[in-house]
Number of protein chains: 2
Amino acid sequence: MGSKYSVGLDFGTNSVRAIIVDVASGEEVATAVSDYRRGEAGVIVDAGNPHVARQHPADYLECMVECMAEALGTARETSGFSAEAVIGIGVDTTGSTPIPVDAAGTPLGLTNAFTDDPNALAWLWKDHSSMAEAEQITALAREHRPHYLEKCGGTYSSEWFFSKIWHCLNVAPEVFDAAASWVEFCDWIPAVLVGDTRPANVKRGVCAAGHKAMYCEEWGGLPDADFLGLLDPRMGALRAKLYEKAYPSDVRAGALCGQWAGKLGLPEGIPVAVGAFDAHYGGVASGVAPGTLVKIIGTSTCDIAVAAKAGAPLTIPGVCGIVDGSVIPGMYGIEAGQSAVGDVFNWFVSHVCQGDAGTHAELTAEAMKLRPGQSGLLALDWNNGNRTILVDARLTGLLIGQTLHTTRAEIYRALIEATAFGAHTIHRRMAEYGVPIDRIVTCGGIAEKNPLFMQIYADVCGTRLEVSRSAQTCALGAAIFGAVVAGKAAGGYDTTEQAQAAMTGVKAEVYAPNAAAQEVYGELYGLYRRLHDSFGVAGTTDGLADVMKRLLDIKAGVRDA
Amino acid sequence: MGSKYSVGLDFGTNSVRAIIVDVASGEEVATAVSDYRRGEAGVIVDAGNPHVARQHPADYLECMVECMAEALGTARETSGFSAEAVIGIGVDTTGSTPIPVDAAGTPLGLTNAFTDDPNALAWLWKDHSSMAEAEQITALAREHRPHYLEKCGGTYSSEWFFSKIWHCLNVAPEVFDAAASWVEFCDWIPAVLVGDTRPANVKRGVCAAGHKAMYCEEWGGLPDADFLGLLDPRMGALRAKLYEKAYPSDVRAGALCGQWAGKLGLPEGIPVAVGAFDAHYGGVASGVAPGTLVKIIGTSTCDIAVAAKAGAPLTIPGVCGIVDGSVIPGMYGIEAGQSAVGDVFNWFVSHVCQGDAGTHAELTAEAMKLRPGQSGLLALDWNNGNRTILVDARLTGLLIGQTLHTTRAEIYRALIEATAFGAHTIHRRMAEYGVPIDRIVTCGGIAEKNPLFMQIYADVCGTRLEVSRSAQTCALGAAIFGAVVAGKAAGGYDTTEQAQAAMTGVKAEVYAPNAAAQEVYGELYGLYRRLHDSFGVAGTTDGLADVMKRLLDIKAGVRDA
């Protein structure tokens, strides 16, 4: 029997990637990327409102066809490959990226009534126009349904499902009224592929539902209509147009329909997995498991972990999301993250040093010569707020310990250390609530290119760091679920864990903690935590928690004056 | 009657300046500078100990003769000038710069027994080799004579008289034993000029005595022998070799002797004023008066103020020095200061931006476009510790409020604002203890060249800022006291205030507070003060006062490891 293959379709912010993977080994036999065409690199913005970010669903479909064709072309050059040997498809996307659809499941922006109306397109994850609605949802939930917030870090975000839909109701009621339902991007693509996008028939993924729409089986699925009615009676009425049940990704969304089999050049009838978010699939493809946390490190950081289900439902205060089955079916999926990591170093190099990539390299080389604690500096990593564990966008950076001799390399290293202390704070919080982390697998550019960063993280966190083998873990994760929904009988796997064992791996280099460095960082972390709590947690004894916020208020007042 | 002239001799760290001033108008008819020849720009250093800084008294004498001759040469080109019309001489120097002398008052480094021995030369103000002794003196005074510390900010410095002499005893007992007495640089030069340097005959100035040697008439002059004996019995015995009384600068040290009249080309017998420190004379020449504070702004800042004597003796906690008659005879002289001002901006430009003077100009221009509060940044100005009001060298810098968009110009402005908040803290402390400040006269390069800096200070302090007319205020101050000791009968003045009224002035430009900016800075100052107290004052509710110190301890530990 020849090799079997699985297809992963990974929809990012600016492009789609198609990947074809050998199911037995995880070898990536072909990969192709197609950039979105509309807007600015695929993002439709609004000159009058910097918070608006939309996408055109036509881009999704056109680019998916294009990159799939290119990937198949490459794969055909591989000895023994045949499109007939593809046994399943997985899909991941950005999110929460909800799309208003008509009764047929067609995005309203693709219908005559709303052609190209930005409010009728996909509301991209990074659209922040619904900040006011998010604050109100948080306040109402805190008062009436506090348990709804327990699984999502205590604060409902402007990036999420209901904030965006409610904002649509407030700014474009005609779109809201015309929507038969709203479908997440990651649920809509699989529905397209199986040939049935009618809202009631779309298999919704628990990843999007649980992390962004307050879905939880403990309280009967989505938020109840009475609660949504507190936002607006029409939001209460929306509840019946949504869904009752959401599924993990080892469930089939359906079988690839003839029309899309033809467009993609893949066998009709192969299973398509229920969709999920990119980072979660990246976690799976990097080998996330109980005790092993996957850290996707880029401009910001996303942490993906899992925990076996045992006893009482899991809650971890301040952690962005805990959802049953959102990463590995049958386990709790846990998402956490830091809102700026690479972005902090980029800010320092570009805005303060007015340097470039060469400056990064130079500062890294100089910072490498410094020993932990040698600079006398300590920083808070909050230049873009704090996502986990404080869940507070209105926090800012801090640097302490400067003398007249402090160098820019010392500051650069202090900023790396600050992000490591931020990471350690997340891991400690997880451990305190029963999810200990004893191994970290990283992916992303910094993880592959910056040994200084990696060693500091190992020393600060007191944990081995390894690097994921794949350079496109999200797409590989999608392919893994393609193999899982295909099942062992078709040449795939019966469980996600079996697929992970065969199809994922790490690189040879391991960053192990150095005991001497760990000891100094232990002391520094104690001081970091004092500053963290003093400036970040209202009501602590060392309370300076209002200082950053008052500075932001003054800044806003000056801007408005 | 033709014009009368006064001579000011201003001994700085690297050179001597001679100035010849028209007594009636304060016009500077001639000025000349002579650089010291020995050591590094006049400072004799020790390759093995970066804290050592000595000077050779021969430099003082040779350079004084040289620049006086040059100044007289220039003055003779002025119509109507004649050396015979010089009616008095004033002298200011750096300090505390004590010199060990023999029974004739000759510096031991000029005697055969100790020729050029660094420990037998002048111990320059910035010699910090006696840090351990200073700490012990502070601790002993705190325990046994707490009132000794009340007039000098609560901490005895390594830069001061007894720390240095005790250190000499510890490292060079043969020099200590050979010394018949120790004479301050500012007292020794007038003694040389009047031709009698025998220690018992030297008229000691109250400026050096009060600010650096714990001299105060309230407790009978210098520290008592019992207290000094606690340091070391030989220090106790030293007490009898010093002096009982110190004098303000409207007192004559004596008359110019024939030998030095010849060397300097000045009339024999004209009066020489009791000497004092450069900054204090700078204050006088800038018009210091009750309510008017003089701020000498450079790499660090020195504040000079005066207060009329009324009721109980004046104490202002945390203020470096309060000495009866040290600035204007008959009033309290008050000295305060910030340990880094220009140095903080220089650090940011040179170490962080890696820029130059052009960068300063560029950042100033950009920062000028920003409005108060607009950056959301706030800094503490402690990169070189805090001299007033915390008197704590072990404090470090802090910057808070950074986002991913923060620019270097915003940081530059925040650093200027931080030094202004530090200045405001000093002025408020003075006002709280009965010395209100309603006008500030500045001198120094920044004051003359940076309107942004001046306007920020006016807005933060809520006080008019004016700029002293003279560019060499210290030398002018010396000339003012030359005119005062000459007296009205000889064409001078009977009081310092009369001399100030005639001989000093300010430039036309005035920086007045802007009400809107003042309001925003009022809010920001409230936050600055919260951080100042939290990080700087042990035992406050918001107490983080150990954080900077623990970082320094860790840093020291790493260095030693």
# chains A, B, ... in the order shown; residues from 1 in each chain; ligands from 1
>>> residues_around(residues="B:Asp250", least_positions_apart="5", cutoff="12 Å", atoms="only C-alpha atoms", output="short mmCIF file (atom, residue, chain, number, x, y, z; two decimals) with all heavy atoms, in the first residue's frame")
data_model
loop_
_atom_site.label_atom_id
_atom_site.label_comp_id
_atom_site.auth_asym_id
_atom_site.auth_seq_id
_atom_site.Cartn_x
_atom_site.Cartn_y
_atom_site.Cartn_z
N GLY B 88 39.64 95.76 46.06
CA GLY B 88 39.50 94.57 46.90
C GLY B 88 39.53 93.30 46.08
O GLY B 88 39.42 93.33 44.84
N ILE B 89 39.73 92.19 46.76
CA ILE B 89 39.84 90.87 46.11
C ILE B 89 38.92 89.89 46.84
O ILE B 89 38.90 89.85 48.07
CB ILE B 89 41.28 90.32 46.18
CG1 ILE B 89 42.28 91.31 45.56
CG2 ILE B 89 41.37 88.96 45.50
CD1 ILE B 89 43.74 90.84 45.68
N GLY B 90 38.21 89.08 46.06
CA GLY B 90 37.46 87.96 46.61
C GLY B 90 37.94 86.66 45.99
O GLY B 90 38.47 86.65 44.87
N VAL B 91 37.79 85.56 46.70
CA VAL B 91 38.28 84.25 46.25
C VAL B 91 37.22 83.19 46.49
O VAL B 91 36.65 83.10 47.58
CB VAL B 91 39.55 83.85 47.04
CG1 VAL B 91 39.98 82.43 46.68
CG2 VAL B 91 40.68 84.85 46.82
N LYS B 203 41.95 82.90 58.59
CA LYS B 203 40.53 83.18 58.84
C LYS B 203 39.72 82.17 58.04
O LYS B 203 39.66 82.22 56.82
CB LYS B 203 40.18 84.60 58.40
CG LYS B 203 40.51 85.69 59.41
CD LYS B 203 39.22 86.39 59.86
CE LYS B 203 39.39 87.27 61.08
NZ LYS B 203 40.48 88.24 60.98
N GLY B 205 36.49 80.33 56.50
CA GLY B 205 35.18 80.76 56.03
C GLY B 205 34.08 79.86 56.58
O GLY B 205 34.24 78.63 56.69
N VAL B 206 32.94 80.47 56.89
CA VAL B 206 31.84 79.70 57.46
C VAL B 206 31.16 78.84 56.40
O VAL B 206 30.47 77.87 56.73
CB VAL B 206 30.84 80.64 58.16
CG1 VAL B 206 29.96 81.39 57.14
CG2 VAL B 206 29.97 79.87 59.15
N CYS B 207 31.34 79.19 55.15
CA CYS B 207 30.72 78.41 54.08
C CYS B 207 31.27 76.99 54.09
O CYS B 207 30.51 76.02 54.20
CB CYS B 207 30.99 79.10 52.74
SG CYS B 207 30.29 78.27 51.33
N PRO B 271 42.03 95.01 50.72
CA PRO B 271 41.49 93.91 51.51
C PRO B 271 41.19 92.67 50.67
O PRO B 271 40.80 92.77 49.51
CB PRO B 271 40.21 94.49 52.10
CG PRO B 271 39.80 95.56 51.16
CD PRO B 271 41.08 96.13 50.59
N VAL B 272 41.39 91.51 51.30
CA VAL B 272 41.04 90.21 50.70
C VAL B 272 39.90 89.64 51.55
O VAL B 272 40.00 89.59 52.78
CB VAL B 272 42.25 89.26 50.74
CG1 VAL B 272 41.87 87.90 50.15
CG2 VAL B 272 43.44 89.87 49.99
N ALA B 273 38.82 89.24 50.89
CA ALA B 273 37.66 88.72 51.63
C ALA B 273 37.91 87.28 52.10
O ALA B 273 38.67 86.54 51.47
CB ALA B 273 36.41 88.74 50.75
N VAL B 274 37.25 86.89 53.18
CA VAL B 274 37.23 85.48 53.60
C VAL B 274 36.64 84.68 52.44
O VAL B 274 35.65 85.08 51.83
CB VAL B 274 36.39 85.33 54.89
CG1 VAL B 274 36.01 83.88 55.12
CG2 VAL B 274 37.16 85.90 56.09
N GLY B 275 37.24 83.55 52.13
CA GLY B 275 36.82 82.75 50.96
C GLY B 275 35.59 81.88 51.19
O GLY B 275 35.18 81.65 52.33
N ALA B 276 35.03 81.43 50.09
CA ALA B 276 33.87 80.53 50.16
C ALA B 276 33.84 79.66 48.90
O ALA B 276 34.76 79.72 48.07
CB ALA B 276 32.59 81.34 50.29
N TYR B 281 28.97 81.69 45.84
CA TYR B 281 29.24 83.00 45.25
C TYR B 281 28.43 83.17 43.97
O TYR B 281 27.97 84.27 43.65
CB TYR B 281 30.73 83.15 44.97
CG TYR B 281 31.54 83.63 46.16
CD1 TYR B 281 30.97 83.75 47.43
CD2 TYR B 281 32.88 83.99 46.00
CE1 TYR B 281 31.74 84.19 48.51
CE2 TYR B 281 33.64 84.44 47.07
CZ TYR B 281 33.06 84.54 48.34
OH TYR B 281 33.82 84.98 49.39
N GLY B 325 25.20 82.55 57.38
CA GLY B 325 26.19 83.41 56.75
C GLY B 325 26.97 82.80 55.61
O GLY B 325 27.90 83.42 55.10
N SER B 326 26.61 81.60 55.15
CA SER B 326 27.42 80.96 54.12
C SER B 326 27.21 81.56 52.73
O SER B 326 28.01 81.34 51.83
CB SER B 326 27.15 79.46 54.07
OG SER B 326 25.86 79.19 53.57
N VAL B 327 26.13 82.30 52.54
CA VAL B 327 25.86 82.91 51.24
C VAL B 327 25.84 84.43 51.39
O VAL B 327 26.71 85.13 50.87
CB VAL B 327 24.53 82.39 50.65
CG1 VAL B 327 24.22 83.07 49.31
CG2 VAL B 327 24.57 80.87 50.47
N ILE B 328 24.84 84.94 52.09
CA ILE B 328 24.78 86.36 52.40
C ILE B 328 24.98 86.52 53.91
O ILE B 328 24.25 85.88 54.68
CB ILE B 328 23.44 86.98 51.95
CG1 ILE B 328 23.34 86.93 50.41
CG2 ILE B 328 23.29 88.40 52.47
CD1 ILE B 328 22.08 87.54 49.86
N PRO B 329 25.97 87.31 54.33
CA PRO B 329 26.22 87.47 55.76
C PRO B 329 24.95 87.94 56.47
O PRO B 329 24.20 88.77 55.95
CB PRO B 329 27.31 88.55 55.79
CG PRO B 329 28.01 88.41 54.48
CD PRO B 329 26.94 88.05 53.50
N GLY B 330 24.67 87.33 57.61
CA GLY B 330 23.50 87.72 58.39
C GLY B 330 22.25 86.94 58.08
O GLY B 330 21.23 87.10 58.75
N GLY B 477 30.78 86.72 41.80
CA GLY B 477 30.48 86.70 43.23
C GLY B 477 31.71 87.01 44.06
O GLY B 477 31.66 87.75 45.06
N ALA B 478 32.84 86.46 43.63
CA ALA B 478 34.09 86.75 44.35
C ALA B 478 34.40 88.23 44.28
O ALA B 478 34.77 88.87 45.28
CB ALA B 478 35.23 85.92 43.76
N ALA B 479 34.23 88.83 43.09
CA ALA B 479 34.49 90.27 42.94
C ALA B 479 33.53 91.10 43.80
O ALA B 479 33.90 92.14 44.35
CB ALA B 479 34.37 90.66 41.46
N ILE B 480 32.28 90.62 43.91
CA ILE B 480 31.31 91.32 44.76
C ILE B 480 31.83 91.39 46.20
O ILE B 480 31.79 92.45 46.85
CB ILE B 480 29.93 90.62 44.68
CG1 ILE B 480 29.26 90.96 43.34
CG2 ILE B 480 29.03 91.04 45.86
CD1 ILE B 480 27.97 90.20 43.06
N PHE B 481 32.35 90.26 46.70
CA PHE B 481 32.86 90.30 48.08
C PHE B 481 34.15 91.12 48.19
O PHE B 481 34.42 91.71 49.23
CB PHE B 481 32.99 88.89 48.66
CG PHE B 481 31.65 88.35 49.07
CD1 PHE B 481 30.99 87.41 48.32
CD2 PHE B 481 31.02 88.84 50.22
CE1 PHE B 481 29.73 86.93 48.69
CE2 PHE B 481 29.77 88.37 50.60
CZ PHE B 481 29.12 87.41 49.83
N GLY B 482 34.91 91.19 47.11
CA GLY B 482 36.06 92.11 47.10
C GLY B 482 35.59 93.55 47.32
O GLY B 482 36.21 94.32 48.07
N ALA B 483 34.45 93.91 46.67
CA ALA B 483 33.91 95.27 46.82
C ALA B 483 33.31 95.48 48.21
O ALA B 483 33.37 96.59 48.74
CB ALA B 483 32.84 95.50 45.75
N VAL B 484 32.75 94.40 48.79
CA VAL B 484 32.14 94.53 50.11
C VAL B 484 33.21 94.72 51.18
O VAL B 484 33.08 95.57 52.07
CB VAL B 484 31.22 93.32 50.42
CG1 VAL B 484 30.78 93.34 51.88
CG2 VAL B 484 30.01 93.31 49.48
N VAL B 485 34.29 93.94 51.12
CA VAL B 485 35.33 94.11 52.14
C VAL B 485 36.08 95.43 51.96
O VAL B 485 36.64 95.97 52.92
CB VAL B 485 36.34 92.92 52.23
CG1 VAL B 485 35.65 91.69 52.80
CG2 VAL B 485 36.99 92.63 50.88
N ALA B 486 36.06 95.98 50.74
CA ALA B 486 36.66 97.31 50.54
C ALA B 486 35.84 98.38 51.28
O ALA B 486 36.38 99.31 51.87
CB ALA B 486 36.72 97.63 49.04
N GLY B 487 34.52 98.22 51.26
CA GLY B 487 33.64 99.14 51.97
C GLY B 487 33.32 100.37 51.16
O GLY B 487 34.00 100.71 50.17
N GLY B 492 33.58 100.93 47.48
CA GLY B 492 32.83 99.67 47.40
C GLY B 492 31.47 99.80 48.06
O GLY B 492 30.79 100.82 47.91
N TYR B 493 31.12 98.76 48.80
CA TYR B 493 29.80 98.74 49.44
C TYR B 493 29.93 98.29 50.88
O TYR B 493 30.83 97.53 51.24
CB TYR B 493 28.86 97.79 48.68
CG TYR B 493 28.68 98.23 47.25
CD1 TYR B 493 29.46 97.68 46.23
CD2 TYR B 493 27.75 99.22 46.92
CE1 TYR B 493 29.32 98.09 44.91
CE2 TYR B 493 27.61 99.65 45.61
CZ TYR B 493 28.38 99.08 44.61
OH TYR B 493 28.25 99.51 43.32
N ASP B 494 28.95 98.73 51.69
CA ASP B 494 28.99 98.32 53.09
C ASP B 494 28.28 97.00 53.33
O ASP B 494 28.54 96.34 54.33
CB ASP B 494 28.38 99.43 53.96
CG ASP B 494 29.35 100.60 54.14
OD1 ASP B 494 30.57 100.38 53.90
OD2 ASP B 494 28.90 101.70 54.46
N THR B 495 27.32 96.65 52.44
CA THR B 495 26.64 95.36 52.63
C THR B 495 26.62 94.58 51.32
O THR B 495 26.71 95.15 50.22
CB THR B 495 25.16 95.55 53.07
OG1 THR B 495 24.43 96.10 51.97
CG2 THR B 495 25.05 96.47 54.29
N THR B 496 26.44 93.28 51.46
CA THR B 496 26.35 92.39 50.30
C THR B 496 25.13 92.75 49.45
O THR B 496 25.20 92.75 48.22
CB THR B 496 26.25 90.93 50.79
OG1 THR B 496 27.29 90.69 51.73
CG2 THR B 496 26.37 89.95 49.63
N GLU B 497 24.02 93.06 50.12
CA GLU B 497 22.80 93.39 49.38
C GLU B 497 22.99 94.63 48.51
O GLU B 497 22.51 94.68 47.38
CB GLU B 497 21.62 93.60 50.35
CG GLU B 497 21.15 92.33 51.04
CD GLU B 497 21.84 92.07 52.38
OE1 GLU B 497 23.03 92.46 52.53
OE2 GLU B 497 21.20 91.48 53.26
N ALA B 499 25.82 95.67 47.27
CA ALA B 499 26.68 95.27 46.16
C ALA B 499 25.89 94.48 45.11
O ALA B 499 26.03 94.70 43.90
CB ALA B 499 27.85 94.43 46.68
#
>>> closest_atom_pairs(of="chain B", to="chain A", cutoff="6 Å", atoms="only C-alpha atoms", output="tab-separated table")
residue	atom	partner	partner_atom	distance
B:Trp347	CA	A:Leu404	CA	5.5
B:His351	CA	A:Thr407	CA	5.4
B:Val352	CA	A:Arg408	CA	5.0
B:Cys353	CA	A:Cys353	CA	5.3
B:Gly373	CA	A:Lys555	CA	5.3
B:Gln374	CA	A:Lys555	CA	4.7
B:Gly376	CA	A:Leu551	CA	5.0
B:Asn383	CA	A:Thr403	CA	4.0
B:Asn384	CA	A:Thr403	CA	5.9
B:Thr396	CA	A:Gly401	CA	4.8
B:Gly397	CA	A:Gln402	CA	4.5
B:Leu398	CA	A:Ile400	CA	4.2
B:Leu399	CA	A:Leu399	CA	5.2
B:Ile400	CA	A:Leu398	CA	4.2
B:Gly401	CA	A:Thr396	CA	4.8
B:Gln402	CA	A:Gly397	CA	4.5
B:Thr403	CA	A:Asn383	CA	4.0
B:Leu404	CA	A:Trp347	CA	5.5
B:Thr407	CA	A:His351	CA	5.4
B:Arg408	CA	A:Val352	CA	5.0
B:Asp542	CA	A:Asp542	CA	4.3
B:Gly543	CA	A:Asp542	CA	5.7
B:Leu551	CA	A:Gly376	CA	5.0
B:Leu552	CA	A:Gly376	CA	5.6
B:Ile554	CA	A:Gly373	CA	5.9
B:Lys555	CA	A:Gln374	CA	4.7
B:Val558	CA	A:Gln374	CA	5.7
>>> residues_around(residues="B:Pro118", least_positions_apart="6", cutoff="9 Å", atoms="only C-alpha atoms", output="ChimeraX atom specification")
/B:44-46,53-56,109
>>> select_by_dssp(residues="stretch 80-140 of chain B", states="alpha helix (DSSP H)", output="count of residues only")
10
>>> residues_around(residues="A:Arg145", least_positions_apart="3", cutoff="12 Å", atoms="only C-alpha atoms", output="list in words")
Ile137, Thr138, Ala139, Leu140, Ala141, Arg142, Tyr148, Leu149, Glu150, Lys151, Gly154, Met214, Trp219, Pro223, Asp224, Asp226, Phe227, Leu228 and Leu230 of chain A
>>> atom_distance(atom1="atom CA of B:Glu218", atom2="atom CA of B:Pro248")
15.8 Å
>>> residues_around(residues="stretch 260-270 of chain A", least_positions_apart="3", cutoff="6 Å", atoms="only C-alpha atoms", output="PyMOL selection string")
chain A and resi 65+83-84+87-88+193+255-257
>>> decode(residues="stretch 322-330 of chain A", atoms="all heavy atoms", output="compact mmCIF listing (two decimals), in the first residue's frame")
# COMPACT_ATOMS: atom_id res chain seq x y z
N ILE A 322 -10.40 28.39 28.80
CA ILE A 322 -10.34 26.97 29.16
C ILE A 322 -11.57 26.33 28.55
O ILE A 322 -12.70 26.65 28.93
CB ILE A 322 -10.38 26.79 30.69
CG1 ILE A 322 -9.20 27.53 31.33
CG2 ILE A 322 -10.38 25.31 31.05
CD1 ILE A 322 -9.26 27.57 32.84
N VAL A 323 -11.34 25.46 27.57
CA VAL A 323 -12.47 24.91 26.82
C VAL A 323 -12.29 23.42 26.61
O VAL A 323 -11.25 22.98 26.11
CB VAL A 323 -12.61 25.64 25.46
CG1 VAL A 323 -13.71 24.97 24.61
CG2 VAL A 323 -12.91 27.11 25.67
N ASP A 324 -13.32 22.69 26.98
CA ASP A 324 -13.30 21.24 26.84
C ASP A 324 -13.18 20.85 25.36
O ASP A 324 -14.07 21.16 24.57
CB ASP A 324 -14.61 20.70 27.44
CG ASP A 324 -14.67 19.17 27.43
OD1 ASP A 324 -13.71 18.52 26.94
OD2 ASP A 324 -15.68 18.64 27.91
N GLY A 325 -12.08 20.23 25.00
CA GLY A 325 -11.92 19.72 23.64
C GLY A 325 -11.43 20.73 22.61
O GLY A 325 -11.38 20.42 21.43
N SER A 326 -11.02 21.91 23.03
CA SER A 326 -10.64 22.92 22.03
C SER A 326 -9.27 22.68 21.43
O SER A 326 -8.92 23.25 20.40
CB SER A 326 -10.68 24.32 22.64
OG SER A 326 -9.64 24.48 23.58
N VAL A 327 -8.46 21.82 22.06
CA VAL A 327 -7.13 21.53 21.52
C VAL A 327 -7.05 20.03 21.19
O VAL A 327 -6.97 19.64 20.03
CB VAL A 327 -6.03 21.95 22.51
CG1 VAL A 327 -4.64 21.59 21.97
CG2 VAL A 327 -6.11 23.46 22.78
N ILE A 328 -7.07 19.22 22.24
CA ILE A 328 -7.11 17.77 22.04
C ILE A 328 -8.47 17.27 22.53
O ILE A 328 -8.86 17.55 23.67
CB ILE A 328 -5.96 17.08 22.81
CG1 ILE A 328 -4.61 17.48 22.18
CG2 ILE A 328 -6.12 15.57 22.80
CD1 ILE A 328 -3.40 16.86 22.84
N PRO A 329 -9.20 16.60 21.67
CA PRO A 329 -10.53 16.13 22.07
C PRO A 329 -10.44 15.29 23.35
O PRO A 329 -9.51 14.50 23.51
CB PRO A 329 -10.97 15.28 20.88
CG PRO A 329 -10.22 15.85 19.72
CD PRO A 329 -8.90 16.28 20.27
N GLY A 330 -11.36 15.51 24.28
CA GLY A 330 -11.38 14.74 25.52
C GLY A 330 -10.59 15.38 26.64
O GLY A 330 -10.61 14.90 27.78
